[in-house]
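Asks: Take this structure, written in structure tokens, and hold onto it; I'll ask about it next.
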Amino acid sequence: MIQKAVIYARVSSVKQVTEGNGLASQETRCRDYAKHKNYEVIDVFRDEGLSGKLLDRPNMKAMLGYLKKHKNDHLVVIIDDISRLARDIETHIRLRTSITDAGGKLESPSIEFGEDSDSRLVEHLLASVAAHQREKNAEQVKNRMMSRMQNGYWTFYPVPGYIYAKEKGSGGKILVRDEPLASIIAEGLEGYACGRFETISELRHFFMGTPHFQRDRKGKIYFSQVRDMLDRVFYAGYIDKPEWGLSMVKGRHEPLISYETYRKIQDRLHGQAKAPAKLNINADFPLRGFVICACCERPMAACWSTGRNGKYPYYLCRTNGCERDGKSIRREQLEGDFESLLADLKPSEHVFFMAAAMFTDLWNAKREAVKTDTETLRQQALQLDRKSTHFFQRIAQNENPTLIAAYENQIRILEEEKIRLDEKIAQCGRPLAPFDETFRTAFSFLSNPQKIWAKGNLEHKRAVIKLTFTSKLAYDKKTGFRTAETSLPVRLLQELSLGRTEMVALSGSNHIIKYLLLNILLIHIYCLAPYPAPNQSFYHRFFTLNSSVKGITA
């Protein structure tokens, strides 16, 4: 009677699987052995891309089940080499025992398996050698990866927003920006840092609104995915892997954001918790959550009501005990009153010309001050280097693990501060952007926020609300909106338009308030960055407010 046999083959490398030669060569050698021994091969079991350390393998389980089903046939299990069964001594012994218990007999063209003590010794020695080779290979791979990462090269799967490309002259690969995804991620991170996106949920909705952002098989972007992106210092141009002893290594890839922006993101993430964004705030009711009832001062709800000829949008109060509870207000009435409120905030043409002169002078003074700032920052960087050297010396002189850990933590803090200073020094060396490019978006917003509201999408409308008002607006169906608390830049321009003498003095020597206004305008630049300016001359673009000048395009 001809002895029946099965073949087991395994490869751990993905490259072996894709090239197709690993499993094929093992099977060929095993078939030649079976032919030599006059065995009939009745089945082949293959595990692809699985480590030899793993015990849980799908086709190994299938083979064991097959052996148990044909236990009376006493099947022979042929493997090409002992390392194909396992590359871990414990895993090898357990699989060897499982094959014997299932009624199989293990054979190989590379080794003779026996039950005597000498054969067992040789088998275990070879299994130990296979385990050592696996561990040694893993060490070599890790060491190569660590060396490459110390030189600033990422060695893992590409981070979202990047793809691998060949680097000229080195024969290796480097991560480069994957457009347009990289720009979308950069805009999202900048927006979260400055408060344009109040919560992670709002940032997630922003990413969901673009077809270029990576999704899972179900087309979803998860909260945890966005949270992990906010924590990646990689986007600021650095590689950080503490478990490998790598801390803030300057990367060779192009950063999407500055390190200063990354620190702002961390401050927001680990600061006061924010309420999650409501899913029912949509384009149909952009003022939902911002407008409150004038009677009970609770946020108004919004809904579509079904009438005789279709559905109609309404805002309404839903507070129990309020005299306006359940009484609806037509959407066009409430939002129409809001647009009128925004239109009243448009300052006079004279005020904008005065603001232009004030900020132009300030901008020119800032350009001159940059030259002296560089030297000051360099001196601060040198002081940080001295402090770091001092802590390194303390570590070398100390054997207390607690103190060493404290010193290492201080060194890390100093390194991060040094990175921020180096970034500022590099920025000081660059020429500042022209005045009109820098303040383009800010003055576009301040010139007429009502135009942005009318032309923008939901995100733009919510940005207008945040940047124009500092508190929620109370609304009454009969009297309309109560007096609104406007933001500082809007309020200052309104005061100037009314001719308040104490505010007009801003055009003179009050540099403190000038710088305050400058910082506020910079916030507006970041928060309203998606708005491009029309192609018109600078002053007409921002300060000519007659009806013939087009508004900004959304």
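Starting from 1 in every chain, residues are counted up; chains themselves are A, B, ... following the order of the structure tokens, and ligands are numbered from 1 as listed.
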When you look at Ile395 (chain A) with a cut-off of 12 Å (counting only C-alpha atoms), what residues show up, excluding the ones that are within fewer than 2 positions of it in the same chain? I need them as a ChimeraX atom specification.
Replies: /A:388-393,397-411
Asks: Neighbouring residues of region 322-332 of chain A were defined as those with any atom within 12 Å, considering only C-alpha atoms; residues of the same chain fewer than 2 positions away were excluded. Please report them as a PyMOL selection string.
Replies: chain A and resi 284-288+291-305+311-320+334-340+475-478+480
Asks: Within 12 Å of region 260-264 of chain A, counting only C-alpha atoms, which residues show up once you throw out same-chain ones fewer than 4 positions away? Write them as number ranges by chain, please.
Replies: A: 186-195, 229-238, 255-256, 268-271, 416-424, 427, 526
Asks: Please produce a file of the residues just selected, as an mmCIF file, in the first residue's frame, where the atoms kept are N, CA and C atoms.
Replies:
```
data_model
loop_
_atom_site.group_PDB
_atom_site.id
_atom_site.type_symbol
_atom_site.label_atom_id
_atom_site.label_comp_id
_atom_site.auth_asym_id
_atom_site.auth_seq_id
_atom_site.Cartn_x
_atom_site.Cartn_y
_atom_site.Cartn_z
ATOM 1 N N ALA A 186 -2.656 69.891 6.401
ATOM 2 C CA ALA A 186 -2.007 71.097 6.932
ATOM 3 C C ALA A 186 -3.050 72.146 7.309
ATOM 4 N N GLU A 187 -4.052 72.339 6.455
ATOM 5 C CA GLU A 187 -5.102 73.313 6.751
ATOM 6 C C GLU A 187 -5.890 72.915 7.993
ATOM 7 N N GLY A 188 -6.152 71.605 8.125
ATOM 8 C CA GLY A 188 -6.883 71.138 9.295
ATOM 9 C C GLY A 188 -6.106 71.325 10.589
ATOM 10 N N LEU A 189 -4.802 71.011 10.567
ATOM 11 C CA LEU A 189 -3.975 71.162 11.761
ATOM 12 C C LEU A 189 -3.815 72.625 12.143
ATOM 13 N N GLU A 190 -3.595 73.487 11.155
ATOM 14 C CA GLU A 190 -3.495 74.922 11.423
ATOM 15 C C GLU A 190 -4.812 75.451 11.986
ATOM 16 N N GLY A 191 -5.913 74.958 11.422
ATOM 17 C CA GLY A 191 -7.222 75.409 11.882
ATOM 18 C C GLY A 191 -7.517 75.005 13.308
ATOM 19 N N TYR A 192 -7.089 73.797 13.692
ATOM 20 C CA TYR A 192 -7.301 73.377 15.075
ATOM 21 C C TYR A 192 -6.419 74.171 16.023
ATOM 22 N N ALA A 193 -5.194 74.462 15.599
ATOM 23 C CA ALA A 193 -4.266 75.190 16.460
ATOM 24 C C ALA A 193 -4.774 76.588 16.790
ATOM 25 N N CYS A 194 -5.398 77.264 15.821
ATOM 26 C CA CYS A 194 -5.818 78.646 16.041
ATOM 27 C C CYS A 194 -7.255 78.760 16.540
ATOM 28 N N GLY A 195 -7.993 77.642 16.591
ATOM 29 C CA GLY A 195 -9.356 77.699 17.096
ATOM 30 C C GLY A 195 -10.413 77.760 16.022
ATOM 31 N N MET A 229 -3.545 62.022 14.559
ATOM 32 C CA MET A 229 -2.878 62.972 13.665
ATOM 33 C C MET A 229 -2.474 64.233 14.423
ATOM 34 N N LEU A 230 -3.321 64.685 15.330
ATOM 35 C CA LEU A 230 -3.006 65.887 16.102
ATOM 36 C C LEU A 230 -1.808 65.674 17.017
ATOM 37 N N ASP A 231 -1.553 64.442 17.409
ATOM 38 C CA ASP A 231 -0.446 64.139 18.317
ATOM 39 C C ASP A 231 0.865 63.869 17.582
ATOM 40 N N ARG A 232 0.853 63.827 16.262
ATOM 41 C CA ARG A 232 2.061 63.476 15.500
ATOM 42 C C ARG A 232 2.978 64.678 15.348
ATOM 43 N N VAL A 233 4.140 64.619 16.013
ATOM 44 C CA VAL A 233 5.150 65.667 15.826
ATOM 45 C C VAL A 233 5.801 65.518 14.453
ATOM 46 N N PHE A 234 5.559 64.386 13.803
ATOM 47 C CA PHE A 234 6.087 64.135 12.454
ATOM 48 C C PHE A 234 5.668 65.238 11.481
ATOM 49 N N TYR A 235 4.429 65.749 11.649
ATOM 50 C CA TYR A 235 3.930 66.793 10.739
ATOM 51 C C TYR A 235 4.675 68.109 10.929
ATOM 52 N N ALA A 236 5.373 68.255 12.063
ATOM 53 C CA ALA A 236 6.172 69.456 12.301
ATOM 54 C C ALA A 236 7.607 69.286 11.828
ATOM 55 N N GLY A 237 7.917 68.116 11.244
ATOM 56 C CA GLY A 237 9.243 67.906 10.672
ATOM 57 C C GLY A 237 10.204 67.136 11.561
ATOM 58 N N TYR A 238 9.679 66.407 12.580
ATOM 59 C CA TYR A 238 10.564 65.696 13.512
ATOM 60 C C TYR A 238 10.125 64.241 13.664
ATOM 61 N N PRO A 255 8.029 69.428 6.422
ATOM 62 C CA PRO A 255 6.945 69.521 7.411
ATOM 63 C C PRO A 255 5.698 70.176 6.821
ATOM 64 N N LEU A 256 4.546 69.794 7.367
ATOM 65 C CA LEU A 256 3.276 70.409 6.950
ATOM 66 C C LEU A 256 2.945 71.619 7.809
ATOM 67 N N ARG A 268 -3.860 72.827 23.285
ATOM 68 C CA ARG A 268 -5.321 72.722 23.184
ATOM 69 C C ARG A 268 -5.799 71.316 23.521
ATOM 70 N N LEU A 269 -5.065 70.302 23.078
ATOM 71 C CA LEU A 269 -5.470 68.917 23.349
ATOM 72 C C LEU A 269 -5.471 68.614 24.845
ATOM 73 N N HIS A 270 -4.477 69.121 25.548
ATOM 74 C CA HIS A 270 -4.315 68.794 26.968
ATOM 75 C C HIS A 270 -4.829 69.896 27.883
ATOM 76 N N GLY A 271 -5.530 70.863 27.289
ATOM 77 C CA GLY A 271 -6.120 71.930 28.081
ATOM 78 C C GLY A 271 -7.527 71.577 28.488
ATOM 79 N N GLU A 416 13.179 70.697 23.199
ATOM 80 C CA GLU A 416 11.976 71.188 22.534
ATOM 81 C C GLU A 416 11.980 72.713 22.446
ATOM 82 N N GLU A 417 12.430 73.372 23.525
ATOM 83 C CA GLU A 417 12.511 74.829 23.499
ATOM 84 C C GLU A 417 13.557 75.295 22.492
ATOM 85 N N LYS A 418 14.654 74.538 22.377
ATOM 86 C CA LYS A 418 15.687 74.864 21.398
ATOM 87 C C LYS A 418 15.139 74.755 19.975
ATOM 88 N N ILE A 419 14.310 73.751 19.751
ATOM 89 C CA ILE A 419 13.682 73.579 18.438
ATOM 90 C C ILE A 419 12.820 74.791 18.094
ATOM 91 N N ARG A 420 12.067 75.261 19.076
ATOM 92 C CA ARG A 420 11.208 76.427 18.842
ATOM 93 C C ARG A 420 12.043 77.667 18.528
ATOM 94 N N LEU A 421 13.149 77.830 19.240
ATOM 95 C CA LEU A 421 14.014 78.984 18.974
ATOM 96 C C LEU A 421 14.668 78.874 17.594
ATOM 97 N N ASP A 422 15.130 77.675 17.241
ATOM 98 C CA ASP A 422 15.744 77.486 15.923
ATOM 99 C C ASP A 422 14.753 77.801 14.808
ATOM 100 N N GLU A 423 13.507 77.412 15.046
ATOM 101 C CA GLU A 423 12.470 77.691 14.046
ATOM 102 C C GLU A 423 12.231 79.188 13.917
ATOM 103 N N LYS A 424 12.209 79.887 15.056
ATOM 104 C CA LYS A 424 12.024 81.339 15.019
ATOM 105 C C LYS A 424 13.204 82.028 14.341
ATOM 106 N N GLN A 427 12.847 81.670 10.679
ATOM 107 C CA GLN A 427 11.803 82.551 10.160
ATOM 108 C C GLN A 427 12.275 83.999 10.118
ATOM 109 N N TYR A 526 -5.543 83.276 10.051
ATOM 110 C CA TYR A 526 -5.512 81.829 10.159
ATOM 111 C C TYR A 526 -6.917 81.232 10.132
#
```
Asks: Measuring between only C-alpha atoms, which one of A:Arg84, A:Arg144, A:Lys61, A:Lys346 shows the shortest distance to Ala130 (chain A)?
Replies: A:Arg84
Asks: Find the residue from A:Ser83, A:Ser201, A:Gln214, A:Asn72 that sits nearest to Ser51 (chain A); use only C-alpha atoms when measuring.
Replies: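 For Ser51 (chain A), the nearest of the given residues is A:Ser83.
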Asks: Can you work out which one of A:Lys241, A:Arg196, A:Arg227, A:Arg482 has the shortest atom-to-atom distance to Lys466 (chain A), counting only C-alpha atoms?
Replies: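 Of A:Lys241, A:Arg196, A:Arg227, A:Arg482, the one nearest Lys466 (chain A) is A:Arg196, counting only C-alpha atoms.
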Asks: Using backbone DSSP assignments, extract all strand (DSSP E) residues from region 141-324 of chain A; output them as a PyMOL selection string.
Replies: chain A and resi 162-166+173-177+238-241+246-250+291-293+301-306+311-316
Asks: For the atom pair CA of Asn448 (chain A) and CA of Ala343 (chain A), what is the interatomic distance in Å to one decimal place?
Replies: 7.0 Å
Asks: How far is it from CA of Gln140 (chain A) to CA of Leu23 (chain A), in Å with one decimal?
Replies: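 It comes out at 24.3 Å.
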Asks: Ranking A:Tyr39, A:Tyr66, A:Phe469, A:Trp244 by minimum distance to Phe290 (chain A) and counting only C-alpha atoms, which one comes first?
Replies: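 Ranked by minimum distance to Phe290 (chain A), first place goes to A:Phe469.
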Asks: I'd like to know which of A:Glu123, A:Glu27, A:Asp56, A:Asp228 is closest to Ile79 (chain A), using only C-alpha atoms.
Replies: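 Between A:Glu123, A:Glu27, A:Asp56, A:Asp228, the residue approaching Ile79 (chain A) most closely is A:Glu27.
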